[in-house]
Amino acid sequence: MNREVKEMTITQISVYMENKPGKLAEIVSELSKAGINIRAMSLADTSDFGLVRLIVSDLNKARDILQGMTLVFCNKVLAVEMDDKSGALSVILNALNEGDVNVEYMYAFVGKQPYSAYAVMQVDDMEKAEKILENRKIRMLCEEDLINFTVSD
C-alpha cells in the first residue's frame with residue numbers, strides 16, 4: 001500500500017525590519033495589495049529592529065514581495081489546534097516537556113470556529129514533537145490547512 005504521508009508542519013516567514021514608524025504598516029499593506037491573507041502574526045522588537053513572524057495564505061507570493069523590501073527567511077514550525085478553554089495549552093506544553101522537547105518560541109490565537117484556538121511554535125526537535133503530539137491525539141495543521149483553511153470545527 002502506497003500511502004502519502006502528510007508533513008505536519010507549516011512554513012513561517014520571518015521578516016527583519018527597521019524599528020521605525022510605518023515599517024510594519026508597509027509590510028502589511030504590500031501583502032494586502034497582493035491579496036495575501038495573514039493567518040497569524042507575531043512581532044518582537046529591540047531598539048533598532050523588529051522581527052515579524054507570519055503565517056500567510058500564499059507563502060511563495062509573500063516571500064517574493066517581502067524579499068524585495070527587507071531580509072526574509074522561512075522555516076518550519078508546528079501549528080497545533082486546541083480547545084479555547086483554560087488548560088488546553090498546558091496539556092500540549094506538558095506533553096512536550098515530558099518528552100524533553102523545548103519550545104523555543106510560540107504565539108497563539110483563537111480560531112474561526114467557536115471554542116477553537118491554535119498555537120504556532122518552534123521547538124528544538126521537530127520530529128520528536130510531532131510524534132509526541134500525534135500519540136496524544138493533538139491535531140497539527142499542515143500547509144494544506146492554510147491554503148484551504150480547512151481547520152476542523
# chains A, B, ... in the order shown; residues from 1 in each chain; ligands from 1

$ residues_around --residues "region 26-29 of chain A" --least-positions-apart "5" --cutoff "10 Å" --atoms "only C-alpha atoms" --output "list in words"
Val15, Met17, Pro21, Ala34, Gly35, Ile36, Asn37, Ile38, Val52, Ala62, Ile65, Leu66, Met69 and Thr70 of chain A

$ select_by_dssp --residues "chain A" --states "helix (DSSP H, G or I)" --output "PyMOL selection string"
chain A and resi 23-33+59-67+88-98+126-135+143-148

$ write_last_selection --atoms "C-alpha atoms" --output "PDB file, in the first residue's frame"
ATOM      1  CA  LYS A  23       7.522  49.886   8.588  1.00  0.00           C
ATOM      2  CA  LEU A  24       5.035  47.284   9.851  1.00  0.00           C
ATOM      3  CA  ALA A  25       2.187  49.079   8.070  1.00  0.00           C
ATOM      4  CA  GLU A  26       4.220  48.984   4.842  1.00  0.00           C
ATOM      5  CA  ILE A  27       4.777  45.222   5.086  1.00  0.00           C
ATOM      6  CA  VAL A  28       1.122  44.510   5.869  1.00  0.00           C
ATOM      7  CA  SER A  29      -0.078  46.883   3.110  1.00  0.00           C
ATOM      8  CA  GLU A  30       2.063  45.189   0.460  1.00  0.00           C
ATOM      9  CA  LEU A  31       0.732  41.764   1.426  1.00  0.00           C
ATOM     10  CA  SER A  32      -2.805  43.114   1.463  1.00  0.00           C
ATOM     11  CA  LYS A  33      -2.445  44.654  -2.025  1.00  0.00           C
ATOM     12  CA  LEU A  59       3.823  31.606   1.047  1.00  0.00           C
ATOM     13  CA  ASN A  60       5.619  31.924  -2.301  1.00  0.00           C
ATOM     14  CA  LYS A  61       3.909  35.153  -3.302  1.00  0.00           C
ATOM     15  CA  ALA A  62       4.513  36.686   0.139  1.00  0.00           C
ATOM     16  CA  ARG A  63       8.185  35.683   0.100  1.00  0.00           C
ATOM     17  CA  ASP A  64       8.658  37.258  -3.345  1.00  0.00           C
ATOM     18  CA  ILE A  65       7.056  40.524  -2.215  1.00  0.00           C
ATOM     19  CA  LEU A  66       8.889  40.738   1.089  1.00  0.00           C
ATOM     20  CA  GLN A  67      12.327  39.803  -0.278  1.00  0.00           C
ATOM     21  CA  ALA A  88      -5.754  23.353  26.802  1.00  0.00           C
ATOM     22  CA  LEU A  89      -2.328  24.856  26.113  1.00  0.00           C
ATOM     23  CA  SER A  90      -0.995  23.384  29.329  1.00  0.00           C
ATOM     24  CA  VAL A  91      -1.822  19.860  28.100  1.00  0.00           C
ATOM     25  CA  ILE A  92       0.236  20.437  24.939  1.00  0.00           C
ATOM     26  CA  LEU A  93       3.188  22.048  26.692  1.00  0.00           C
ATOM     27  CA  ASN A  94       3.258  19.379  29.416  1.00  0.00           C
ATOM     28  CA  ALA A  95       3.284  16.623  26.777  1.00  0.00           C
ATOM     29  CA  LEU A  96       6.255  18.240  25.037  1.00  0.00           C
ATOM     30  CA  ASN A  97       8.017  18.794  28.370  1.00  0.00           C
ATOM     31  CA  GLU A  98       7.524  15.151  29.378  1.00  0.00           C
ATOM     32  CA  MET A 126      10.502  18.866  15.353  1.00  0.00           C
ATOM     33  CA  GLU A 127      10.336  15.126  14.588  1.00  0.00           C
ATOM     34  CA  LYS A 128      10.139  14.149  18.249  1.00  0.00           C
ATOM     35  CA  ALA A 129       7.497  16.814  18.928  1.00  0.00           C
ATOM     36  CA  GLU A 130       5.353  15.587  16.025  1.00  0.00           C
ATOM     37  CA  LYS A 131       5.434  12.015  17.375  1.00  0.00           C
ATOM     38  CA  ILE A 132       4.530  13.145  20.887  1.00  0.00           C
ATOM     39  CA  LEU A 133       1.612  15.266  19.694  1.00  0.00           C
ATOM     40  CA  GLU A 134       0.394  12.553  17.326  1.00  0.00           C
ATOM     41  CA  ASN A 135       0.479   9.964  20.124  1.00  0.00           C
ATOM     42  CA  GLU A 143       0.285  23.552   4.664  1.00  0.00           C
ATOM     43  CA  GLU A 144      -2.927  22.305   3.016  1.00  0.00           C
ATOM     44  CA  ASP A 145      -4.935  23.511   6.016  1.00  0.00           C
ATOM     45  CA  LEU A 146      -3.586  27.028   5.458  1.00  0.00           C
ATOM     46  CA  ILE A 147      -4.307  27.042   1.743  1.00  0.00           C
ATOM     47  CA  ASN A 148      -7.838  25.684   2.084  1.00  0.00           C
TER      48      ASN A 148
END

$ select_by_dssp --residues "region 15-109 of chain A" --states "strand (DSSP E or B)" --output "PyMOL selection string"
chain A and resi 15-18+38-45+49-56+72-83+103-109

$ atom_distance --atom1 "CA of Lys76 (chain A)" --atom2 "CA of Ile138 (chain A)"
18.1 Å

$ atom_distance --atom1 "CA of Val123 (chain A)" --atom2 "CA of Gly68 (chain A)"
28.9 Å

$ atom_distance --atom1 "CA of Leu141 (chain A)" --atom2 "CA of Ile10 (chain A)"
7.1 Å

$ closest_atom_pairs --of "region 15-77 of chain A" --to "region 100-107 of chain A" --cutoff "10 Å" --atoms "only C-alpha atoms" --output "JSON lines"
{"residue": "A:Ala40", "atom": "CA", "partner": "A:Tyr107", "partner_atom": "CA", "distance": 8.4}
{"residue": "A:Met41", "atom": "CA", "partner": "A:Tyr107", "partner_atom": "CA", "distance": 8.0}
{"residue": "A:Ser42", "atom": "CA", "partner": "A:Tyr107", "partner_atom": "CA", "distance": 6.6}
{"residue": "A:Leu43", "atom": "CA", "partner": "A:Tyr107", "partner_atom": "CA", "distance": 9.7}
{"residue": "A:Arg53", "atom": "CA", "partner": "A:Tyr107", "partner_atom": "CA", "distance": 9.4}
{"residue": "A:Val77", "atom": "CA", "partner": "A:Met106", "partner_atom": "CA", "distance": 9.4}

$ write_last_selection --atoms "all heavy atoms" --output "mmCIF file, in the first residue's frame"
data_model
loop_
_atom_site.group_PDB
_atom_site.id
_atom_site.type_symbol
_atom_site.label_atom_id
_atom_site.label_comp_id
_atom_site.auth_asym_id
_atom_site.auth_seq_id
_atom_site.Cartn_x
_atom_site.Cartn_y
_atom_site.Cartn_z
ATOM 1 N N ALA A 40 -1.657 34.376 10.881
ATOM 2 C CA ALA A 40 -1.148 34.618 12.228
ATOM 3 C C ALA A 40 0.074 35.516 12.109
ATOM 4 O O ALA A 40 0.772 35.490 11.081
ATOM 5 C CB ALA A 40 -0.778 33.312 12.914
ATOM 6 N N MET A 41 0.322 36.299 13.166
ATOM 7 C CA MET A 41 1.460 37.212 13.135
ATOM 8 C C MET A 41 1.964 37.439 14.552
ATOM 9 O O MET A 41 1.183 37.513 15.497
ATOM 10 C CB MET A 41 1.052 38.547 12.517
ATOM 11 C CG MET A 41 2.186 39.534 12.407
ATOM 12 S SD MET A 41 1.754 40.979 11.413
ATOM 13 C CE MET A 41 0.856 41.960 12.581
ATOM 14 N N SER A 42 3.276 37.558 14.658
ATOM 15 C CA SER A 42 3.924 37.876 15.918
ATOM 16 C C SER A 42 4.975 38.935 15.633
ATOM 17 O O SER A 42 5.632 38.902 14.583
ATOM 18 C CB SER A 42 4.585 36.613 16.485
ATOM 19 O OG SER A 42 5.439 36.933 17.555
ATOM 20 N N LEU A 43 5.157 39.863 16.563
ATOM 21 C CA LEU A 43 6.161 40.915 16.403
ATOM 22 C C LEU A 43 6.978 41.011 17.676
ATOM 23 O O LEU A 43 6.419 41.122 18.772
ATOM 24 C CB LEU A 43 5.479 42.260 16.114
ATOM 25 C CG LEU A 43 6.371 43.495 16.083
ATOM 26 C CD1 LEU A 43 7.399 43.408 14.959
ATOM 27 C CD2 LEU A 43 5.521 44.748 15.936
ATOM 28 N N ARG A 53 7.012 37.588 12.509
ATOM 29 C CA ARG A 53 6.803 36.203 12.094
ATOM 30 C C ARG A 53 5.382 36.110 11.564
ATOM 31 O O ARG A 53 4.437 36.547 12.225
ATOM 32 C CB ARG A 53 7.015 35.255 13.264
ATOM 33 C CG ARG A 53 8.461 35.214 13.717
ATOM 34 C CD ARG A 53 8.641 34.225 14.848
ATOM 35 N NE ARG A 53 10.041 34.039 15.138
ATOM 36 C CZ ARG A 53 10.635 34.396 16.286
ATOM 37 N NH1 ARG A 53 9.915 34.942 17.260
ATOM 38 N NH2 ARG A 53 11.916 34.194 16.465
ATOM 39 N N VAL A 77 7.570 25.322 11.291
ATOM 40 C CA VAL A 77 7.083 25.413 12.659
ATOM 41 C C VAL A 77 5.909 24.452 12.821
ATOM 42 O O VAL A 77 5.332 23.994 11.830
ATOM 43 C CB VAL A 77 6.638 26.859 13.023
ATOM 44 C CG1 VAL A 77 7.833 27.794 13.094
ATOM 45 C CG2 VAL A 77 5.596 27.385 12.053
#
